[in-house]
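Source file: work_29.cif (mmCIF, C-alpha atoms)
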data_coords
loop_
_atom_site.label_atom_id
_atom_site.label_comp_id
_atom_site.auth_asym_id
_atom_site.auth_seq_id
_atom_site.Cartn_x
_atom_site.Cartn_y
_atom_site.Cartn_z
CA MET A 28 3.07 -8.42 -19.98
CA LYS A 29 1.37 -6.04 -22.39
CA SER A 30 3.68 -3.62 -24.24
CA PHE A 31 3.60 -0.02 -23.09
CA ALA A 32 5.09 3.42 -23.74
CA TYR A 33 7.52 4.90 -21.21
CA VAL A 34 7.92 8.53 -20.15
CA ASN A 35 10.91 9.57 -18.05
CA ALA A 36 9.47 12.60 -16.24
CA ALA A 37 11.98 15.09 -14.86
CA GLY A 38 9.66 16.46 -12.20
CA GLU A 39 6.11 17.06 -11.05
CA LYS A 40 4.88 19.05 -14.05
CA GLU A 41 6.18 16.58 -16.62
CA ALA A 42 4.82 13.63 -14.66
CA VAL A 43 1.33 15.12 -14.33
CA ALA A 44 1.31 16.12 -18.01
CA ALA A 45 2.14 12.54 -19.01
CA LEU A 46 -0.71 11.08 -16.98
CA GLY A 47 -4.33 11.16 -18.11
CA PRO A 48 -7.89 11.15 -16.75
CA GLU A 49 -8.70 7.58 -17.80
CA ARG A 50 -8.26 5.12 -14.94
CA GLY A 51 -5.63 2.46 -15.56
CA ARG A 52 -4.31 3.68 -18.93
CA PHE A 53 -1.46 5.86 -17.65
CA LEU A 54 0.26 4.86 -14.42
CA PRO A 55 3.13 6.29 -12.36
CA LEU A 56 6.19 4.10 -11.77
CA ALA A 57 8.40 4.66 -8.73
CA GLY A 58 10.13 1.65 -7.16
CA GLY A 59 7.88 -0.67 -9.15
CA MET A 60 7.59 -3.27 -6.38
CA ASP A 61 3.81 -3.37 -6.67
CA LEU A 62 3.08 -2.13 -10.20
CA LEU A 63 5.32 -4.57 -12.05
CA ALA A 64 3.78 -7.50 -10.19
CA LEU A 65 0.31 -6.27 -11.16
CA MET A 66 1.40 -5.97 -14.79
CA LYS A 67 2.93 -9.43 -14.87
CA ASP A 68 -0.35 -10.84 -13.55
CA TYR A 69 -2.35 -8.81 -16.14
CA ILE A 70 -4.26 -7.01 -13.40
CA ALA A 71 -2.79 -3.69 -14.56
CA GLN A 72 -2.37 -3.24 -18.31
CA PRO A 73 -1.36 0.41 -18.85
CA ASP A 74 -0.68 2.00 -22.21
CA ARG A 75 1.95 4.26 -20.66
CA LEU A 76 4.19 4.22 -17.60
CA VAL A 77 5.43 7.52 -16.21
CA ASN A 78 8.67 7.39 -14.25
CA VAL A 79 8.21 9.52 -11.11
CA LYS A 80 11.61 8.92 -9.55
CA GLY A 81 12.26 12.60 -10.29
CA LEU A 82 9.84 13.64 -7.55
CA ASP A 83 11.25 15.06 -4.33
CA ARG A 84 13.61 12.65 -2.57
CA ALA A 85 14.32 14.84 0.47
CA ILE A 86 13.39 14.71 4.15
CA ALA A 87 13.34 18.29 5.41
CA ARG A 88 12.21 20.28 8.44
CA THR A 89 9.27 22.62 7.94
CA PRO A 90 9.09 26.18 9.32
CA ASP A 91 6.61 25.10 12.01
CA GLY A 92 8.96 22.38 13.30
CA GLY A 93 7.41 19.42 11.51
CA LEU A 94 8.84 17.24 8.75
CA ARG A 95 8.23 17.14 4.99
CA ILE A 96 8.94 13.79 3.34
CA GLY A 97 9.15 13.54 -0.44
CA ALA A 98 7.14 10.78 -2.10
CA ALA A 99 10.28 9.47 -3.84
CA VAL A 100 12.15 9.00 -0.54
CA THR A 101 12.99 5.32 -0.21
CA LEU A 102 11.84 3.28 2.75
CA THR A 103 15.46 2.72 3.74
CA GLN A 104 16.15 6.45 3.60
CA LEU A 105 13.17 7.12 5.88
CA ALA A 106 13.97 4.29 8.29
CA GLU A 107 17.57 5.45 8.64
CA SER A 108 16.83 9.16 9.04
CA ALA A 109 18.05 10.08 12.53
CA GLU A 110 15.85 13.18 12.61
CA ALA A 111 12.72 11.34 11.52
CA ARG A 112 13.41 8.58 14.05
CA ARG A 113 13.85 11.06 16.88
CA MET A 114 10.66 12.93 16.00
CA TYR A 115 8.34 10.15 14.75
CA PRO A 116 9.43 6.64 15.79
CA ALA A 117 6.03 5.27 14.78
CA MET A 118 6.78 6.22 11.17
CA THR A 119 10.39 5.09 10.99
CA ASP A 120 9.68 1.79 12.75
CA ALA A 121 6.93 1.07 10.21
CA ALA A 122 9.30 1.86 7.33
CA ALA A 123 11.99 -0.38 8.80
CA GLU A 124 9.57 -3.34 8.99
CA VAL A 125 8.54 -3.33 5.31
CA GLY A 126 9.65 -6.38 3.34
CA THR A 127 13.36 -7.07 3.05
CA PRO A 128 16.37 -4.73 2.73
CA GLN A 129 16.26 -5.16 -1.04
CA ILE A 130 12.63 -4.03 -1.13
CA ARG A 131 13.22 -1.12 1.23
CA ASN A 132 16.16 0.07 -0.85
CA VAL A 133 13.92 0.48 -3.90
CA GLY A 134 10.40 0.98 -2.55
CA THR A 135 9.28 4.56 -1.98
CA VAL A 136 7.12 6.38 0.54
CA GLY A 137 4.56 7.29 -2.13
CA GLY A 138 4.52 3.78 -3.55
CA ASN A 139 3.98 2.17 -0.17
CA ILE A 140 1.11 4.49 0.71
CA ASN A 141 -0.60 3.97 -2.66
CA GLN A 142 -0.03 0.26 -3.22
CA ARG A 143 -2.97 -1.88 -4.29
CA PRO A 144 -4.64 -4.59 -2.18
CA ARG A 145 -2.91 -7.93 -1.71
CA CYS A 146 -6.18 -9.91 -1.83
CA TRP A 147 -5.45 -13.05 -3.82
CA TYR A 148 -8.78 -12.87 -5.62
CA PHE A 149 -7.99 -9.34 -6.81
CA ARG A 150 -4.47 -10.40 -7.80
CA ASN A 151 -5.61 -13.46 -9.78
CA GLU A 152 -6.74 -12.66 -13.32
CA GLU A 153 -9.09 -15.67 -13.27
CA PHE A 154 -11.40 -14.06 -10.68
CA PRO A 155 -13.65 -11.21 -11.92
CA CYS A 156 -14.05 -9.77 -8.43
CA LEU A 157 -15.82 -6.57 -7.41
CA LYS A 158 -12.70 -4.43 -7.63
CA LYS A 159 -12.21 -5.53 -11.24
CA GLY A 160 -15.77 -4.80 -12.30
CA GLY A 161 -17.34 -8.14 -11.38
CA SER A 162 -20.36 -8.80 -9.19
CA THR A 163 -18.84 -10.91 -6.42
CA CYS A 164 -16.41 -10.55 -3.53
CA TYR A 165 -15.06 -14.09 -3.53
CA ALA A 166 -13.60 -13.66 -0.06
CA VAL A 167 -17.08 -13.78 1.48
CA ASP A 168 -17.46 -17.52 0.86
CA GLY A 169 -13.83 -18.28 0.09
CA GLU A 170 -10.34 -18.12 1.58
CA ASN A 171 -10.70 -15.09 3.83
CA GLN A 172 -8.18 -15.72 6.60
CA TYR A 173 -6.27 -12.52 5.78
CA HIS A 174 -9.24 -10.30 5.03
CA ALA A 175 -11.02 -7.52 6.91
CA ILE A 176 -12.65 -7.72 10.33
CA PHE A 177 -13.95 -4.14 10.12
CA GLY A 178 -15.75 -2.22 7.40
CA ASP A 179 -18.80 -4.31 6.35
CA GLY A 180 -17.74 -4.68 2.71
CA PRO A 181 -18.94 -4.89 0.00
CA CYS A 182 -15.26 -5.63 -0.74
CA HIS A 183 -13.33 -7.13 2.17
CA ILE A 184 -9.74 -6.20 1.33
CA VAL A 185 -7.31 -4.93 3.92
CA HIS A 186 -5.18 -1.91 3.13
CA PRO A 187 -1.60 -3.16 2.63
CA SER A 188 0.37 0.02 3.38
CA SER A 189 2.67 0.06 6.40
CA LEU A 190 3.14 3.85 6.25
CA ALA A 191 -0.53 4.74 5.86
CA VAL A 192 -1.36 3.71 9.43
CA PRO A 193 1.23 5.84 11.26
CA SER A 194 0.48 8.69 8.83
CA VAL A 195 -3.12 8.73 10.07
CA ALA A 196 -2.05 8.30 13.70
CA LEU A 197 0.39 11.21 13.38
CA ASN A 198 -2.28 13.42 11.76
CA ALA A 199 -0.19 13.84 8.62
CA LYS A 200 -1.21 15.81 5.58
CA PHE A 201 -0.58 14.68 2.00
CA ARG A 202 0.33 17.11 -0.77
CA VAL A 203 -1.27 16.11 -4.07
CA VAL A 204 -0.64 17.66 -7.48
CA GLY A 205 -2.72 17.39 -10.64
CA PRO A 206 -3.43 19.27 -13.87
CA THR A 207 -5.32 22.02 -12.02
CA GLY A 208 -2.66 22.60 -9.38
CA GLU A 209 -2.02 21.26 -5.89
CA ARG A 210 -4.14 20.42 -2.87
CA VAL A 211 -3.50 19.20 0.65
CA VAL A 212 -5.47 16.25 2.02
CA ASP A 213 -5.60 15.04 5.62
CA ALA A 214 -4.20 11.52 5.81
CA GLY A 215 -7.40 10.39 7.51
CA GLU A 216 -9.43 11.59 4.53
CA TYR A 217 -7.08 10.29 1.84
CA PHE A 218 -8.09 6.62 1.99
CA GLN A 219 -11.56 5.56 0.86
CA MET A 220 -13.77 2.61 1.70
CA PRO A 221 -14.97 0.36 -1.15
CA ASP A 222 -18.54 1.62 -0.88
CA ARG A 223 -17.23 5.07 -1.87
CA ASN A 224 -14.50 4.05 -4.32
CA LEU A 225 -14.68 0.45 -5.47
CA PHE A 226 -11.97 0.66 -8.14
CA GLY A 227 -9.39 2.53 -6.10
CA GLU A 228 -8.37 2.98 -2.49
CA THR A 229 -7.65 6.72 -2.27
CA VAL A 230 -8.99 10.12 -3.30
CA LEU A 231 -6.35 10.41 -6.05
CA ALA A 232 -7.72 11.02 -9.52
CA PRO A 233 -5.94 9.05 -12.29
CA ASN A 234 -3.98 12.17 -13.30
CA GLU A 235 -2.94 13.19 -9.78
CA LEU A 236 0.20 12.34 -7.81
CA LEU A 237 1.04 12.19 -4.14
CA THR A 238 4.20 14.28 -3.82
CA HIS A 239 4.81 14.80 -0.08
CA VAL A 240 3.88 13.55 3.36
CA MET A 241 3.85 16.43 5.83
CA LEU A 242 4.06 15.60 9.52
CA PRO A 243 3.08 18.17 12.16
CA PRO A 244 5.44 19.17 14.98
CA PRO A 245 5.63 16.22 17.39
CA GLY A 246 5.62 18.32 20.54
CA ALA A 247 5.68 16.04 23.58
CA ALA A 248 3.76 13.25 21.86
CA ARG A 249 4.86 9.67 22.32
CA THR A 250 4.41 7.50 19.24
CA ALA A 251 4.93 3.85 18.38
CA THR A 252 4.05 1.13 15.89
CA TYR A 253 3.72 -2.56 16.71
CA GLU A 254 3.24 -5.30 14.09
CA VAL A 255 2.24 -8.96 14.32
CA ARG A 256 3.15 -11.26 11.43
CA PHE A 257 3.72 -14.93 10.62
CA LYS A 258 7.27 -14.53 9.30
CA GLN A 259 9.00 -11.75 11.16
CA SER A 260 11.69 -11.41 8.50
CA HIS A 261 9.63 -10.17 5.55
CA ASP A 262 5.91 -10.97 5.71
CA TRP A 263 2.99 -8.54 5.55
CA PRO A 264 1.50 -7.92 9.00
CA LEU A 265 -1.52 -9.94 10.05
CA ALA A 266 -2.50 -6.91 12.12
CA PHE A 267 -0.69 -3.90 13.49
CA ALA A 268 -1.27 -0.61 15.24
CA SER A 269 0.21 2.86 15.43
CA VAL A 270 -0.47 5.25 18.29
CA ALA A 271 0.27 8.89 19.02
CA LEU A 272 -0.23 9.98 22.62
CA SER A 273 -0.26 13.63 23.72
CA MET A 274 0.95 13.69 27.30
CA SER A 275 0.70 15.84 30.40
CA GLY A 276 3.28 14.22 32.64
CA ASP A 277 2.30 10.55 32.86
CA THR A 278 -1.32 11.24 31.94
CA VAL A 279 -2.71 10.95 28.41
CA ARG A 280 -4.19 14.27 27.34
CA GLY A 281 -5.20 13.03 23.89
CA ALA A 282 -4.70 9.91 21.77
CA ARG A 283 -4.86 8.68 18.21
CA VAL A 284 -5.07 4.90 17.80
CA VAL A 285 -5.06 3.43 14.29
CA MET A 286 -5.03 -0.23 13.25
CA GLY A 287 -3.67 -1.71 10.03
CA ALA A 288 -4.37 -4.91 8.05
CA VAL A 289 -7.84 -5.17 9.60
CA ALA A 290 -9.97 -3.04 7.24
CA PRO A 291 -9.97 -1.61 3.69
CA ILE A 292 -8.51 1.62 5.10
CA PRO A 293 -6.33 2.45 8.11
CA TRP A 294 -8.87 1.89 10.88
CA ARG A 295 -8.96 4.55 13.57
CA SER A 296 -10.54 3.65 16.92
CA PRO A 297 -12.28 6.52 18.74
CA ALA A 298 -13.29 4.05 21.46
CA ALA A 299 -9.67 3.17 22.23
CA GLU A 300 -8.72 6.84 22.20
CA ALA A 301 -11.51 7.68 24.65
CA ALA A 302 -10.43 4.81 26.90
CA LEU A 303 -6.91 6.24 27.11
CA THR A 304 -7.68 9.93 27.51
CA GLY A 305 -7.27 11.12 31.08
CA LYS A 306 -5.56 7.91 32.18
CA ARG A 307 -2.05 7.20 33.38
CA LEU A 308 -0.04 5.05 31.01
CA THR A 309 -0.04 1.60 32.57
CA GLU A 310 -0.40 -1.92 31.23
CA GLU A 311 -3.96 -1.98 32.57
CA ALA A 312 -4.84 1.21 30.70
CA ALA A 313 -3.30 -0.23 27.53
CA MET A 314 -5.35 -3.41 27.89
CA THR A 315 -8.57 -1.47 28.42
CA ALA A 316 -7.89 0.58 25.30
CA ALA A 317 -7.03 -2.56 23.32
CA ASP A 318 -10.32 -4.18 24.33
CA ALA A 319 -12.15 -1.05 23.22
CA ALA A 320 -10.29 -1.03 19.88
CA VAL A 321 -11.73 -4.36 18.76
CA GLN A 322 -15.31 -3.65 19.81
CA GLY A 323 -17.51 -3.98 16.75
CA ALA A 324 -15.14 -6.31 14.89
CA LYS A 325 -16.98 -8.68 12.55
CA PRO A 326 -14.64 -11.51 11.62
CA MET A 327 -15.30 -13.66 8.58
CA THR A 328 -15.39 -17.45 8.55
CA LEU A 329 -11.61 -17.97 8.74
CA ASN A 330 -10.17 -14.85 10.36
CA SER A 331 -11.58 -14.58 13.88
CA TYR A 332 -8.00 -14.99 15.14
CA LYS A 333 -7.37 -11.45 13.86
CA VAL A 334 -9.45 -9.97 16.66
CA GLN A 335 -7.01 -11.16 19.31
CA ILE A 336 -3.99 -10.21 17.20
CA ALA A 337 -5.34 -6.70 16.64
CA ARG A 338 -6.03 -6.37 20.36
CA THR A 339 -2.46 -7.42 21.12
CA ALA A 340 -1.02 -5.01 18.56
CA VAL A 341 -2.91 -2.06 20.05
CA LYS A 342 -1.92 -2.96 23.60
CA ARG A 343 1.74 -3.37 22.74
CA ALA A 344 1.88 -0.23 20.61
CA ILE A 345 0.57 1.77 23.57
CA MET A 346 3.03 0.10 25.95
CA LYS A 347 5.87 0.68 23.51
CA ALA A 348 4.98 4.37 23.28
CA ALA A 349 4.89 4.52 27.08
CA GLY A 350 8.29 2.88 27.39
CA LEU A 351 6.80 -0.15 29.12
CA LYS A 352 8.03 -3.70 28.50
CA THR A 353 5.95 -5.37 25.76
CA VAL A 354 6.87 -9.04 26.21
#

Let me see the structure of the file written as structure tokens.
Amino acid sequence: MKSFAYVNAAGEKEAVAALGPERGRFLPLAGGMDLLALMKDYIAQPDRLVNVKGLDRAIARTPDGGLRIGAAVTLTQLAESAEARRMYPAMTDAAAEVGTPQIRNVGTVGGNINQRPRCWYFRNEEFPCLKKGGSTCYAVDGENQYHAIFGDGPCHIVHPSSLAVPSVALNAKFRVVGPTGERVVDAGEYFQMPDRNLFGETVLAPNELLTHVMLPPPGAARTATYEVRFKQSHDWPLAFASVALSMSGDTVRGARVVMGAVAPIPWRSPAAEAALTGKRLTEEAAMTAADAAVQGAKPMTLNSYKVQIARTAVKRAIMKAAGLKTV
């Protein structure tokens, strides 16, 4: 890989000061699971890496009864947090499903949320695709079996983060710091479609950092995540879903249904949410909502199977949240 300078930042201020406004020249390094692979493949060629392991590594209750998760918290730490599991099973289950134990022991919450697309055309230096400044999305006429079924392009990546989807379903907020101070961004507004941001996937400027995920008080909500993958042991999901259901007895008062690995961003389904609201939680209600979730899907030449898998993931996430048998 290309040689680079290294800055060992002690905290937020030092990390932000070591970054710069030019995209790609100065990059943060946490667990390194994604960044080092990009550098080895010459997709990322930074002049400087900034170690951000000094960011907050704590999981703490907030005054309003929610939870504040530091960006440097490892996936294992999150998955094994008894308090987080009791309050937000959708989040901890997603963390527990990422990769292998070795990956979870090193990978961080911030790194997982901000990882780059796994599209093999983007990851191959031989293809000058749209996200690298080219004029073509090679997935359109190429090997697109793992690409998007929602979103209409022009780039047909799927967002690879396991934690992004439950973050949106749980109505999380992300704390971001930069050279001008801090700001708070709704998780649903943090991720950007390619037609708005072709060279990135989030609202982060090159000299900004995600420092915390802040989850609201769970109240009586029931939450769950359900993933479908080829290799259950360590593969990326083919499709998955996270749901958060606000309940009044056995009746759904409000719902948030978000799908993953089906679009360039975590894909929220208002149609599925409307189908659930006011209904009792039954398998039939879950199936109706799942059918609504995949309305409007536009599969590519090799990924029409994803429609059924996404439907199944939504149905089973709802049933899991309801405490109903999923198999």

Per residue of stretch 104-177 of chain A within 10 Å of stretch 323-346 of chain A, record the nearest atom pair and its distance in Å to one decimal, counting all atoms listed in the file, with rows in chain order and ascending residue number, as a Markdown table.
| residue | atom | partner | partner_atom | distance |
| --- | --- | --- | --- | --- |
| A:Ala117 | CA | A:Ala344 | CA | 9.0 |
| A:Ala166 | CA | A:Met327 | CA | 8.8 |
| A:Val167 | CA | A:Met327 | CA | 7.3 |
| A:Asp168 | CA | A:Thr328 | CA | 8.0 |
| A:Gly169 | CA | A:Thr328 | CA | 8.6 |
| A:Glu170 | CA | A:Leu329 | CA | 7.3 |
| A:Asn171 | CA | A:Leu329 | CA | 5.8 |
| A:Gln172 | CA | A:Asn330 | CA | 4.3 |
| A:Tyr173 | CA | A:Asn330 | CA | 6.5 |
| A:His174 | CA | A:Asn330 | CA | 7.1 |
| A:Ala175 | CA | A:Pro326 | CA | 7.2 |
| A:Ile176 | CA | A:Pro326 | CA | 4.5 |
| A:Phe177 | CA | A:Ala324 | CA | 5.4 |

Residues just named, written with C-alpha atoms as a short mmCIF file (atom, residue, chain, number, x, y, z; two decimals), in the coordinates of the input:
data_model
loop_
_atom_site.label_atom_id
_atom_site.label_comp_id
_atom_site.auth_asym_id
_atom_site.auth_seq_id
_atom_site.Cartn_x
_atom_site.Cartn_y
_atom_site.Cartn_z
CA ALA A 117 6.03 5.27 14.78
CA ALA A 166 -13.60 -13.66 -0.06
CA VAL A 167 -17.08 -13.78 1.48
CA ASP A 168 -17.46 -17.52 0.86
CA GLY A 169 -13.83 -18.28 0.09
CA GLU A 170 -10.34 -18.12 1.58
CA ASN A 171 -10.70 -15.09 3.83
CA GLN A 172 -8.18 -15.72 6.60
CA TYR A 173 -6.27 -12.52 5.78
CA HIS A 174 -9.24 -10.30 5.03
CA ALA A 175 -11.02 -7.52 6.91
CA ILE A 176 -12.65 -7.72 10.33
CA PHE A 177 -13.95 -4.14 10.12
#

Hits of the PyMOL selection byres ((chain A and resi 152) around 7) in this structure, as a VMD selection string = chain A and resid 68 to 70 150 to 151 153 to 154

Residues just named, written with C-alpha atoms as a tab-separated table (two decimals), in the coordinates of the input:
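Done, and the output landed in out_13.tsv:
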chain	number	residue	atom	x	y	z
A	68	ASP	CA	-0.35	-10.84	-13.55
A	69	TYR	CA	-2.35	-8.81	-16.14
A	70	ILE	CA	-4.26	-7.01	-13.40
A	150	ARG	CA	-4.47	-10.40	-7.80
A	151	ASN	CA	-5.61	-13.46	-9.78
A	153	GLU	CA	-9.09	-15.67	-13.27
A	154	PHE	CA	-11.40	-14.06	-10.68

task = Fewer than 2 positions away in the same chain doesn't count, so skip those; otherwise give me all residues within 8 Å of A:Cys146, counting only C-alpha atoms, as a count of residues only.
result = 7

request  = Determine, counting all atoms listed in the file, which protein, DNA and RNA residues have an atom within 8 Å of an atom of A:Arg95; residues of the same chain fewer than 3 positions away are not included. Present the result as a ChimeraX atom specification.
outcome  = /A:85-89,239-242

C-alpha atoms of the current selection, written as a compact mmCIF listing (two decimals), in the frame of the given file:
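Saved the output as selection34.txt:
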# COMPACT_ATOMS: atom_id res chain seq x y z
CA ALA A 85 14.32 14.84 0.47
CA ILE A 86 13.39 14.71 4.15
CA ALA A 87 13.34 18.29 5.41
CA ARG A 88 12.21 20.28 8.44
CA THR A 89 9.27 22.62 7.94
CA HIS A 239 4.81 14.80 -0.08
CA VAL A 240 3.88 13.55 3.36
CA MET A 241 3.85 16.43 5.83
CA LEU A 242 4.06 15.60 9.52

inquiry  = Selection in question (the file shown): the PyMOL selection byres ((chain A and resi 99) around 12). Which residues does it include, as a ChimeraX atom specification?
reply    = /A:38-39,55-59,78-86,95-98,100-105,132-140,236-240

ask   = Rounded to one decimal in Å, what is the spacing between atom CA of A:Arg145 and atom CA of A:Glu228?
value = 12.2 Å

Write out as CSV the residues of stretch 110-207 of chain A that have any atom within 9 Å of an atom of stretch 218-225 of chain A, one row each with the nearest atom pair and its distance in Å to one decimal, counting all atoms listed in the file, sorted by chain and then rising number.
residue,atom,partner,partner_atom,distance
A:Leu157,CA,A:Leu225,CA,7.4
A:Lys158,CA,A:Leu225,CA,5.7
A:Lys159,CA,A:Leu225,CA,8.7
A:Gly160,CA,A:Leu225,CA,8.7
A:Gly178,CA,A:Met220,CA,7.7
A:Gly180,CA,A:Pro221,CA,6.9
A:Pro181,CA,A:Asp222,CA,6.6
A:Cys182,CA,A:Pro221,CA,6.0
A:His183,CA,A:Pro221,CA,8.4
A:Ile184,CA,A:Pro221,CA,8.7
A:Ala191,CA,A:Phe218,CA,8.7

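Shortest atom-to-atom contact with A:Thr252 among A:Tyr33, A:Tyr115, A:Tyr217, A:Phe201: A:Tyr115, counting all atoms listed in the file.
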
inquiry  = Starting from the PyMOL selection byres ((chain A and resi 264) around 9), expand the selection into actual residues of this file and give them as a ChimeraX atom specification.
reply    = /A:187,189,254-259,262-263,265-267,287-288

Residues from last step as file, C-alpha atoms, as a PDB file, in the coordinates of the input:
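Full text of part10.pdb as output:
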ATOM      1  CA  PRO A 187      -1.600  -3.160   2.630  1.00  0.00           C
ATOM      2  CA  SER A 189       2.670   0.060   6.400  1.00  0.00           C
ATOM      3  CA  GLU A 254       3.240  -5.300  14.090  1.00  0.00           C
ATOM      4  CA  VAL A 255       2.240  -8.960  14.320  1.00  0.00           C
ATOM      5  CA  ARG A 256       3.150 -11.260  11.430  1.00  0.00           C
ATOM      6  CA  PHE A 257       3.720 -14.930  10.620  1.00  0.00           C
ATOM      7  CA  LYS A 258       7.270 -14.530   9.300  1.00  0.00           C
ATOM      8  CA  GLN A 259       9.000 -11.750  11.160  1.00  0.00           C
ATOM      9  CA  ASP A 262       5.910 -10.970   5.710  1.00  0.00           C
ATOM     10  CA  TRP A 263       2.990  -8.540   5.550  1.00  0.00           C
ATOM     11  CA  LEU A 265      -1.520  -9.940  10.050  1.00  0.00           C
ATOM     12  CA  ALA A 266      -2.500  -6.910  12.120  1.00  0.00           C
ATOM     13  CA  PHE A 267      -0.690  -3.900  13.490  1.00  0.00           C
ATOM     14  CA  GLY A 287      -3.670  -1.710  10.030  1.00  0.00           C
ATOM     15  CA  ALA A 288      -4.370  -4.910   8.050  1.00  0.00           C
TER      16      ALA A 288
END

With all atoms listed in the file as the counted atoms, please give the residues lying no more than 9 Å from A:Gln72, apart from itself and same-chain residues fewer than 5 positions off, as a PDB file with C-alpha atoms, in the frame of the given file.
ATOM      1  CA  MET A  28       3.070  -8.420 -19.980  1.00  0.00           C
ATOM      2  CA  LYS A  29       1.370  -6.040 -22.390  1.00  0.00           C
ATOM      3  CA  SER A  30       3.680  -3.620 -24.240  1.00  0.00           C
ATOM      4  CA  PHE A  31       3.600  -0.020 -23.090  1.00  0.00           C
ATOM      5  CA  GLY A  51      -5.630   2.460 -15.560  1.00  0.00           C
ATOM      6  CA  ARG A  52      -4.310   3.680 -18.930  1.00  0.00           C
ATOM      7  CA  LEU A  65       0.310  -6.270 -11.160  1.00  0.00           C
ATOM      8  CA  MET A  66       1.400  -5.970 -14.790  1.00  0.00           C
ATOM      9  CA  LYS A  67       2.930  -9.430 -14.870  1.00  0.00           C
TER      10      LYS A  67
END

inquiry  = Just checking: using only C-alpha atoms, which residue out of A:Ala36, A:Gly47, A:Pro193, A:Gly227 ends up closest to A:Pro206?
reply    =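 Selected residue with least distance to A:Pro206: A:Gly47.
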
key: Between atom CA of A:Gly215 and atom CA of A:Val192 - distance in Å to one decimal   = 9.2 Å

Residues of stretch 163-210 of chain A at most 10 Å from stretch 278-283 of chain A: nearest atom pair and distance in Å, all atoms listed in the file, as CSV:
residue,atom,partner,partner_atom,distance
A:Pro193,CA,A:Arg283,CA,9.7
A:Val195,CA,A:Arg283,CA,8.3
A:Ala196,CA,A:Arg283,CA,5.3
A:Leu197,CA,A:Arg283,CA,7.6
A:Asn198,CA,A:Arg283,CA,8.4

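Atom pair atom CA of A:Leu62 / atom CA of A:Val212: separated by 23.7 Å.
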
query = Can you find the residues with an atom no farther than 7 Å from (-1.8, 14.6, -12.5), counting all atoms listed in the file, and report them as a count of residues only?
reply = 10

Proximity to A:Leu54 - best of A:Ala42, A:Ala349, A:Ala32, A:Leu76, only C-alpha atoms =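 The shortest atom-to-atom distance to A:Leu54 comes from A:Leu76.
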
request  = Tell me which of A:Ser275, A:Trp147, A:Tyr253, A:Thr229 sits closest to A:Glu124, counting all atoms listed in the file.
outcome  = A:Tyr253

ask   = Quick one: residues within 12 Å of A:Met274, only C-alpha atoms counted, chain neighbours fewer than 6 positions away excluded, as a list of chain:residue names?
value =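 That gives A:Pro245, A:Gly246, A:Ala247, A:Ala248, A:Arg249, A:Thr250, A:Arg280, A:Gly281, A:Ala282, A:Arg283, A:Leu303, A:Thr304, A:Gly305, A:Lys306, A:Arg307, A:Leu308, A:Ala348, A:Ala349.
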
Could you model N, CA and C atoms for stretch 310-321 of chain A and present them as a PDB file, in the coordinates of the input?
ATOM      1  N   GLU A 310      -0.002  -0.750  32.017  1.00  0.00           N
ATOM      2  CA  GLU A 310      -0.400  -1.920  31.230  1.00  0.00           C
ATOM      3  C   GLU A 310      -1.904  -2.121  31.290  1.00  0.00           C
ATOM      4  N   GLU A 311      -2.511  -1.842  32.441  1.00  0.00           N
ATOM      5  CA  GLU A 311      -3.960  -1.980  32.570  1.00  0.00           C
ATOM      6  C   GLU A 311      -4.700  -1.012  31.663  1.00  0.00           C
ATOM      7  N   ALA A 312      -4.215   0.216  31.584  1.00  0.00           N
ATOM      8  CA  ALA A 312      -4.840   1.210  30.700  1.00  0.00           C
ATOM      9  C   ALA A 312      -4.697   0.782  29.241  1.00  0.00           C
ATOM     10  N   ALA A 313      -3.526   0.236  28.898  1.00  0.00           N
ATOM     11  CA  ALA A 313      -3.300  -0.230  27.530  1.00  0.00           C
ATOM     12  C   ALA A 313      -4.238  -1.384  27.190  1.00  0.00           C
ATOM     13  N   MET A 314      -4.463  -2.271  28.147  1.00  0.00           N
ATOM     14  CA  MET A 314      -5.350  -3.410  27.890  1.00  0.00           C
ATOM     15  C   MET A 314      -6.792  -2.950  27.717  1.00  0.00           C
ATOM     16  N   THR A 315      -7.212  -2.004  28.543  1.00  0.00           N
ATOM     17  CA  THR A 315      -8.570  -1.470  28.420  1.00  0.00           C
ATOM     18  C   THR A 315      -8.791  -0.836  27.053  1.00  0.00           C
ATOM     19  N   ALA A 316      -7.792  -0.058  26.608  1.00  0.00           N
ATOM     20  CA  ALA A 316      -7.890   0.580  25.300  1.00  0.00           C
ATOM     21  C   ALA A 316      -7.893  -0.455  24.180  1.00  0.00           C
ATOM     22  N   ALA A 317      -7.092  -1.508  24.340  1.00  0.00           N
ATOM     23  CA  ALA A 317      -7.030  -2.560  23.320  1.00  0.00           C
ATOM     24  C   ALA A 317      -8.366  -3.290  23.209  1.00  0.00           C
ATOM     25  N   ASP A 318      -8.996  -3.547  24.354  1.00  0.00           N
ATOM     26  CA  ASP A 318     -10.320  -4.180  24.330  1.00  0.00           C
ATOM     27  C   ASP A 318     -11.320  -3.286  23.604  1.00  0.00           C
ATOM     28  N   ALA A 319     -11.230  -1.983  23.868  1.00  0.00           N
ATOM     29  CA  ALA A 319     -12.150  -1.050  23.220  1.00  0.00           C
ATOM     30  C   ALA A 319     -11.908  -0.988  21.716  1.00  0.00           C
ATOM     31  N   ALA A 320     -10.636  -1.146  21.302  1.00  0.00           N
ATOM     32  CA  ALA A 320     -10.290  -1.030  19.880  1.00  0.00           C
ATOM     33  C   ALA A 320     -10.961  -2.088  19.025  1.00  0.00           C
ATOM     34  N   VAL A 321     -11.176  -3.272  19.570  1.00  0.00           N
ATOM     35  CA  VAL A 321     -11.730  -4.360  18.760  1.00  0.00           C
ATOM     36  C   VAL A 321     -13.238  -4.531  18.960  1.00  0.00           C
TER      37      VAL A 321
END
